file target.cif (mmCIF, C-alpha atoms)
data_target
#
loop_
_atom_site.label_atom_id
_atom_site.label_comp_id
_atom_site.auth_asym_id
_atom_site.auth_seq_id
_atom_site.Cartn_x
_atom_site.Cartn_y
_atom_site.Cartn_z
CA MET Z 1 144.85 134.65 -65.46
CA SER Z 2 141.56 136.52 -65.08
CA ARG Z 3 140.14 137.26 -61.64
CA ALA Z 4 137.01 135.17 -62.43
CA ILE Z 5 139.12 132.12 -63.29
CA GLN Z 6 141.19 132.60 -60.12
CA HIS Z 7 137.96 132.59 -58.06
CA LEU Z 8 136.75 129.46 -59.84
CA LEU Z 9 140.05 127.70 -59.24
CA ILE Z 10 140.13 128.68 -55.59
CA GLY Z 11 136.48 127.62 -55.17
CA GLY Z 12 137.23 124.31 -56.91
CA LEU Z 13 140.18 123.66 -54.64
CA ILE Z 14 138.11 124.40 -51.57
CA ILE Z 15 135.35 122.08 -52.72
CA MET Z 16 137.85 119.41 -53.66
CA THR Z 17 139.76 119.56 -50.38
CA THR Z 18 136.62 119.51 -48.24
CA ALA Z 19 135.33 116.49 -50.13
CA VAL Z 20 138.48 114.41 -49.55
CA PRO Z 21 138.19 112.46 -46.28
CA SER Z 22 141.24 112.47 -44.03
CA MET Z 23 142.57 109.56 -42.03
CA THR Z 24 141.00 110.99 -38.86
CA THR Z 25 137.52 111.41 -40.33
CA ALA Z 26 134.93 109.23 -38.64
CA SER Z 27 133.29 106.63 -40.81
CA GLU Z 28 129.72 107.37 -41.89
CA LYS Z 29 128.45 104.81 -39.38
CA ASP Z 30 130.09 106.79 -36.54
CA LEU Z 31 128.24 110.04 -37.32
CA LYS Z 32 125.95 110.65 -34.36
CA LEU Z 33 124.33 113.75 -32.98
CA THR Z 34 125.37 114.63 -29.44
CA ILE Z 35 122.46 115.80 -27.29
CA VAL Z 36 123.35 118.28 -24.55
CA ASN Z 37 121.01 119.07 -21.64
CA PRO Z 38 123.09 120.88 -18.99
CA GLN Z 39 122.20 119.98 -15.41
CA LYS Z 40 122.20 123.66 -14.42
CA LEU Z 41 119.34 124.35 -16.87
CA TYR Z 42 115.72 123.26 -16.82
CA ASP Z 43 115.34 119.72 -18.27
CA PRO Z 44 113.37 120.21 -21.51
CA THR Z 45 113.00 116.51 -22.39
CA PRO Z 46 109.53 116.11 -20.81
CA ASN Z 47 108.41 118.83 -23.23
CA GLY Z 48 109.82 117.05 -26.27
CA TYR Z 49 113.09 118.84 -27.04
CA SER Z 50 116.75 119.13 -26.07
CA THR Z 51 118.68 122.23 -25.07
CA ALA Z 52 121.39 121.77 -27.69
CA VAL Z 53 122.54 119.28 -30.28
CA ILE Z 54 126.08 119.00 -31.66
CA VAL Z 55 126.52 117.88 -35.27
CA PRO Z 56 129.86 116.16 -36.05
CA ARG Z 57 132.08 118.28 -38.28
CA GLU Z 58 132.28 115.46 -40.85
CA ALA Z 59 128.52 115.54 -41.45
CA ARG Z 60 126.61 117.23 -44.24
CA LEU Z 61 123.46 119.17 -43.38
CA ALA Z 62 120.13 119.33 -45.15
CA TYR Z 63 117.43 121.90 -44.50
CA ILE Z 64 113.83 120.74 -44.84
CA SER Z 65 111.37 123.50 -45.62
CA GLY Z 66 108.35 123.99 -43.41
CA GLN Z 67 105.97 121.05 -43.60
CA GLY Z 68 102.34 121.84 -42.97
CA GLY Z 69 99.42 119.58 -42.23
CA GLN Z 70 98.25 119.07 -45.81
CA ASP Z 71 97.50 115.52 -46.85
CA GLY Z 72 98.57 114.11 -50.24
CA THR Z 73 95.76 115.97 -52.00
CA GLY Z 74 96.64 119.31 -50.37
CA THR Z 75 93.64 119.22 -48.05
CA LEU Z 76 93.98 120.72 -44.55
CA SER Z 77 91.86 119.53 -41.66
CA PRO Z 78 90.42 122.36 -39.55
CA ASP Z 79 91.59 120.43 -36.45
CA PHE Z 80 94.94 121.50 -34.96
CA ALA Z 81 95.84 118.01 -33.69
CA VAL Z 82 95.15 116.45 -37.10
CA GLN Z 83 97.32 119.06 -38.83
CA VAL Z 84 100.21 118.50 -36.40
CA LYS Z 85 100.08 114.71 -36.87
CA GLN Z 86 100.00 115.11 -40.67
CA ALA Z 87 102.84 117.68 -40.64
CA TYR Z 88 105.07 115.23 -38.77
CA ALA Z 89 104.09 112.48 -41.22
CA ASN Z 90 105.07 114.87 -44.04
CA LEU Z 91 108.39 115.60 -42.30
CA HIS Z 92 109.01 111.86 -42.05
CA THR Z 93 108.33 111.52 -45.80
CA ALA Z 94 110.86 114.30 -46.49
CA LEU Z 95 113.42 112.54 -44.27
CA ASP Z 96 112.83 109.29 -46.15
CA ALA Z 97 113.43 111.11 -49.45
CA LEU Z 98 116.82 112.24 -48.10
CA GLY Z 99 117.68 108.77 -46.84
CA ALA Z 100 117.60 110.12 -43.28
CA ARG Z 101 116.02 108.97 -40.02
CA PRO Z 102 114.40 111.01 -37.24
CA ASP Z 103 117.46 110.52 -35.01
CA GLN Z 104 119.45 112.56 -37.56
CA VAL Z 105 117.34 115.70 -37.03
CA ALA Z 106 119.42 118.25 -35.13
CA LYS Z 107 116.97 121.18 -34.99
CA LEU Z 108 113.25 121.80 -35.42
CA THR Z 109 111.48 125.11 -35.70
CA VAL Z 110 107.72 124.94 -35.29
CA PHE Z 111 105.25 127.68 -36.08
CA VAL Z 112 101.88 127.65 -34.31
CA VAL Z 113 98.97 129.89 -35.25
CA ASP Z 114 97.29 131.46 -32.19
CA HIS Z 115 99.44 129.44 -29.80
CA ASP Z 116 98.20 128.84 -26.28
CA MET Z 117 99.22 126.39 -23.57
CA SER Z 118 96.50 123.90 -24.52
CA LYS Z 119 98.41 123.12 -27.74
CA LEU Z 120 101.62 122.04 -25.95
CA GLU Z 121 100.32 118.55 -25.14
CA VAL Z 122 99.56 117.88 -28.82
CA LEU Z 123 102.98 119.19 -29.86
CA THR Z 124 104.88 117.25 -27.20
CA ARG Z 125 103.07 113.98 -27.94
CA ASN Z 126 103.81 114.17 -31.66
CA VAL Z 127 107.49 115.07 -31.18
CA LYS Z 128 108.00 112.22 -28.72
CA GLU Z 129 106.22 109.75 -31.04
CA MET Z 130 108.50 110.68 -33.92
CA PHE Z 131 111.82 111.19 -32.14
CA GLY Z 132 111.67 109.01 -29.02
CA GLU Z 133 114.75 109.65 -26.87
CA ALA Z 134 116.67 111.44 -29.66
CA LEU Z 135 114.92 114.77 -29.10
CA PRO Z 136 116.26 117.53 -31.35
CA ALA Z 137 116.82 121.12 -30.30
CA GLN Z 138 113.58 122.98 -30.97
CA THR Z 139 112.09 126.44 -31.08
CA LEU Z 140 108.36 127.18 -31.06
CA ILE Z 141 107.34 130.46 -32.68
CA PRO Z 142 103.76 131.67 -32.16
CA VAL Z 143 102.46 133.37 -35.30
CA PRO Z 144 99.20 135.10 -36.21
CA LYS Z 145 99.06 133.41 -39.62
CA LEU Z 146 100.94 131.04 -41.94
CA ALA Z 147 101.21 130.86 -45.73
CA ILE Z 148 97.56 129.93 -46.28
CA ASP Z 149 94.62 130.78 -44.04
CA PRO Z 150 93.52 127.29 -42.91
CA MET Z 151 97.10 126.31 -42.00
CA LEU Z 152 97.54 126.10 -38.21
CA PHE Z 153 100.97 124.45 -37.87
CA GLU Z 154 104.27 124.15 -39.71
CA VAL Z 155 107.54 122.37 -38.86
CA GLU Z 156 110.95 122.81 -40.49
CA ALA Z 157 114.08 120.79 -39.78
CA VAL Z 158 117.86 120.79 -39.98
CA VAL Z 159 119.06 117.26 -40.64
CA MET Z 160 122.49 115.63 -40.44
CA LEU Z 161 123.08 113.43 -43.46
CA GLU Z 162 125.38 110.42 -43.29
#
call {"tool": "encode", "arguments": {"input": "target.cif", "output": "structure tokens"}}
result
Amino acid sequence: MSRAIQHLLIGGLIIMTTAVPSMTTASEKDLKLTIVNPQKLYDPTPNGYSTAVIVPREARLAYISGQGGQDGTGTLSPDFAVQVKQAYANLHTALDALGARPDQVAKLTVFVVDHDMSKLEVLTRNVKEMFGEALPAQTLIPVPKLAIDPMLFEVEAVVMLE
């Protein structure tokens, strides 16, 4: 048997065995993210995120590319707050397309052009509006520029699928 066929067979067996649920696998309805905010660390929840989130091993993950503040026509408002609100609306649309809910988002990465402390209130408000108590882990990365010049904000997500 050729080496290429052996690799295909091994890959097929791995895919097949990982796709077969075992008796101990939780049902899809039991798949929940576990939020961890250790008491010995600063409580990040007032700022709209959690320290860590555990995804159950039975879950599949989806990665949503960075969503900017463009509306349906591709237009970007020059206002930071408007772009952030639209970006989260776009993220929600992407979640809907995956059949996922905000409480299935494990991790966000946000990119903010010319970040300063005045932008935190806008960011925190929008995250709390979308995620409520199920705050994902999150990293904010200040950047000098994004893909296109008028873009001021972008959010990407890692999502647990049921």
call {"tool": "atom_distance", "arguments": {"input": "target.cif", "atom1": "CA of Leu76 (chain Z)", "atom2": "CA of Leu95 (chain Z)"}}
result
21.1 Å
call {"tool": "axis_aligned_box", "arguments": {"input": "target.cif", "around": "region 119-124 of chain Z", "padding_each_side": "8 Å", "output": "JSON"}}
result
{"center_x": 101.6, "center_y": 120.2, "center_z": -27.5, "size_x": 22.5, "size_y": 21.9, "size_z": 20.7}
call {"tool": "resolve_selection", "arguments": {"input": "target.cif", "expression": "the PyMOL selection byres ((chain Z and resi 155-157) around 6)", "output": "list in words"}}
result
Tyr63, Ile64, Ser65, Gly66, Gln67, Lys107, Leu108, Thr109, Val110, Glu154 and Val158 of chain Z
call {"tool": "residues_near_point", "arguments": {"input": "target.cif", "point": "(124.0, 119.5, -23.9)", "cutoff": "10 Å", "atoms": "only C-alpha atoms", "output": "list in words"}}
result
Thr34, Ile35, Val36, Asn37, Pro38, Gln39, Leu41, Ser50, Thr51, Ala52, Val53, Ile54 and Ala137 of chain Z
call {"tool": "atom_distance", "arguments": {"input": "target.cif", "atom1": "CA of Val84 (chain Z)", "atom2": "CA of Met151 (chain Z)"}}
result
10.1 Å
call {"tool": "atom_distance", "arguments": {"input": "target.cif", "atom1": "CA of Met130 (chain Z)", "atom2": "CA of Pro102 (chain Z)"}}
result
6.8 Å
call {"tool": "build_atoms", "arguments": {"input": "target.cif", "residues": "region 61-89 of chain Z", "atoms": "N, CA and C atoms", "output": "PDB file, keeping the file's coordinate frame"}}
result
ATOM      1  N   LEU Z  61     124.769 118.761 -43.887  1.00  0.00           N
ATOM      2  CA  LEU Z  61     123.460 119.170 -43.380  1.00  0.00           C
ATOM      3  C   LEU Z  61     122.484 119.345 -44.518  1.00  0.00           C
ATOM      4  N   ALA Z  62     121.231 119.043 -44.227  1.00  0.00           N
ATOM      5  CA  ALA Z  62     120.130 119.330 -45.150  1.00  0.00           C
ATOM      6  C   ALA Z  62     119.109 120.140 -44.390  1.00  0.00           C
ATOM      7  N   TYR Z  63     118.446 121.039 -45.085  1.00  0.00           N
ATOM      8  CA  TYR Z  63     117.430 121.900 -44.500  1.00  0.00           C
ATOM      9  C   TYR Z  63     116.097 121.542 -45.142  1.00  0.00           C
ATOM     10  N   ILE Z  64     115.155 121.102 -44.326  1.00  0.00           N
ATOM     11  CA  ILE Z  64     113.830 120.740 -44.840  1.00  0.00           C
ATOM     12  C   ILE Z  64     112.910 121.930 -44.617  1.00  0.00           C
ATOM     13  N   SER Z  65     112.310 122.384 -45.693  1.00  0.00           N
ATOM     14  CA  SER Z  65     111.370 123.500 -45.620  1.00  0.00           C
ATOM     15  C   SER Z  65     110.185 123.139 -44.734  1.00  0.00           C
ATOM     16  N   GLY Z  66     109.498 124.177 -44.282  1.00  0.00           N
ATOM     17  CA  GLY Z  66     108.350 123.990 -43.410  1.00  0.00           C
ATOM     18  C   GLY Z  66     107.332 123.027 -44.005  1.00  0.00           C
ATOM     19  N   GLN Z  67     106.978 122.025 -43.204  1.00  0.00           N
ATOM     20  CA  GLN Z  67     105.970 121.050 -43.600  1.00  0.00           C
ATOM     21  C   GLN Z  67     104.687 121.347 -42.838  1.00  0.00           C
ATOM     22  N   GLY Z  68     103.627 121.575 -43.582  1.00  0.00           N
ATOM     23  CA  GLY Z  68     102.340 121.840 -42.970  1.00  0.00           C
ATOM     24  C   GLY Z  68     101.531 120.563 -42.865  1.00  0.00           C
ATOM     25  N   GLY Z  69     100.295 120.720 -42.463  1.00  0.00           N
ATOM     26  CA  GLY Z  69      99.420 119.580 -42.230  1.00  0.00           C
ATOM     27  C   GLY Z  69      98.580 119.160 -43.414  1.00  0.00           C
ATOM     28  N   GLN Z  70      99.008 119.491 -44.637  1.00  0.00           N
ATOM     29  CA  GLN Z  70      98.250 119.070 -45.810  1.00  0.00           C
ATOM     30  C   GLN Z  70      98.448 117.579 -46.062  1.00  0.00           C
ATOM     31  N   ASP Z  71      97.364 116.912 -46.461  1.00  0.00           N
ATOM     32  CA  ASP Z  71      97.500 115.520 -46.850  1.00  0.00           C
ATOM     33  C   ASP Z  71      97.992 115.462 -48.301  1.00  0.00           C
ATOM     34  N   GLY Z  72      98.057 114.286 -48.883  1.00  0.00           N
ATOM     35  CA  GLY Z  72      98.570 114.110 -50.240  1.00  0.00           C
ATOM     36  C   GLY Z  72      97.804 114.850 -51.318  1.00  0.00           C
ATOM     37  N   THR Z  73      96.569 115.223 -51.023  1.00  0.00           N
ATOM     38  CA  THR Z  73      95.760 115.970 -52.000  1.00  0.00           C
ATOM     39  C   THR Z  73      95.825 117.483 -51.755  1.00  0.00           C
ATOM     40  N   GLY Z  74      96.550 117.890 -50.704  1.00  0.00           N
ATOM     41  CA  GLY Z  74      96.640 119.310 -50.370  1.00  0.00           C
ATOM     42  C   GLY Z  74      95.557 119.784 -49.430  1.00  0.00           C
ATOM     43  N   THR Z  75      94.740 118.862 -48.946  1.00  0.00           N
ATOM     44  CA  THR Z  75      93.640 119.220 -48.050  1.00  0.00           C
ATOM     45  C   THR Z  75      94.150 119.401 -46.623  1.00  0.00           C
ATOM     46  N   LEU Z  76      93.650 120.438 -45.955  1.00  0.00           N
ATOM     47  CA  LEU Z  76      93.980 120.720 -44.550  1.00  0.00           C
ATOM     48  C   LEU Z  76      92.758 120.483 -43.688  1.00  0.00           C
ATOM     49  N   SER Z  77      92.922 119.695 -42.636  1.00  0.00           N
ATOM     50  CA  SER Z  77      91.860 119.530 -41.660  1.00  0.00           C
ATOM     51  C   SER Z  77      91.734 120.832 -40.867  1.00  0.00           C
ATOM     52  N   PRO Z  78      90.538 121.181 -40.404  1.00  0.00           N
ATOM     53  CA  PRO Z  78      90.420 122.360 -39.550  1.00  0.00           C
ATOM     54  C   PRO Z  78      90.884 122.096 -38.112  1.00  0.00           C
ATOM     55  N   ASP Z  79      91.206 120.832 -37.795  1.00  0.00           N
ATOM     56  CA  ASP Z  79      91.590 120.430 -36.450  1.00  0.00           C
ATOM     57  C   ASP Z  79      93.115 120.554 -36.259  1.00  0.00           C
ATOM     58  N   PHE Z  80      93.520 121.294 -35.238  1.00  0.00           N
ATOM     59  CA  PHE Z  80      94.940 121.500 -34.960  1.00  0.00           C
ATOM     60  C   PHE Z  80      95.689 120.182 -34.786  1.00  0.00           C
ATOM     61  N   ALA Z  81      95.167 119.275 -33.966  1.00  0.00           N
ATOM     62  CA  ALA Z  81      95.840 118.010 -33.690  1.00  0.00           C
ATOM     63  C   ALA Z  81      96.027 117.180 -34.960  1.00  0.00           C
ATOM     64  N   VAL Z  82      95.052 117.188 -35.833  1.00  0.00           N
ATOM     65  CA  VAL Z  82      95.150 116.450 -37.100  1.00  0.00           C
ATOM     66  C   VAL Z  82      96.241 117.068 -37.981  1.00  0.00           C
ATOM     67  N   GLN Z  83      96.289 118.388 -38.030  1.00  0.00           N
ATOM     68  CA  GLN Z  83      97.320 119.060 -38.830  1.00  0.00           C
ATOM     69  C   GLN Z  83      98.724 118.760 -38.297  1.00  0.00           C
ATOM     70  N   VAL Z  84      98.900 118.763 -36.983  1.00  0.00           N
ATOM     71  CA  VAL Z  84     100.210 118.500 -36.400  1.00  0.00           C
ATOM     72  C   VAL Z  84     100.647 117.068 -36.744  1.00  0.00           C
ATOM     73  N   LYS Z  85      99.758 116.111 -36.559  1.00  0.00           N
ATOM     74  CA  LYS Z  85     100.080 114.710 -36.870  1.00  0.00           C
ATOM     75  C   LYS Z  85     100.477 114.553 -38.343  1.00  0.00           C
ATOM     76  N   GLN Z  86      99.709 115.192 -39.247  1.00  0.00           N
ATOM     77  CA  GLN Z  86     100.000 115.110 -40.670  1.00  0.00           C
ATOM     78  C   GLN Z  86     101.317 115.813 -41.009  1.00  0.00           C
ATOM     79  N   ALA Z  87     101.588 116.950 -40.374  1.00  0.00           N
ATOM     80  CA  ALA Z  87     102.840 117.680 -40.640  1.00  0.00           C
ATOM     81  C   ALA Z  87     104.047 116.822 -40.269  1.00  0.00           C
ATOM     82  N   TYR Z  88     103.967 116.105 -39.133  1.00  0.00           N
ATOM     83  CA  TYR Z  88     105.070 115.230 -38.770  1.00  0.00           C
ATOM     84  C   TYR Z  88     105.170 114.029 -39.711  1.00  0.00           C
ATOM     85  N   ALA Z  89     104.056 113.541 -40.206  1.00  0.00           N
ATOM     86  CA  ALA Z  89     104.090 112.480 -41.220  1.00  0.00           C
ATOM     87  C   ALA Z  89     104.757 113.014 -42.497  1.00  0.00           C
TER      88      ALA Z  89
END
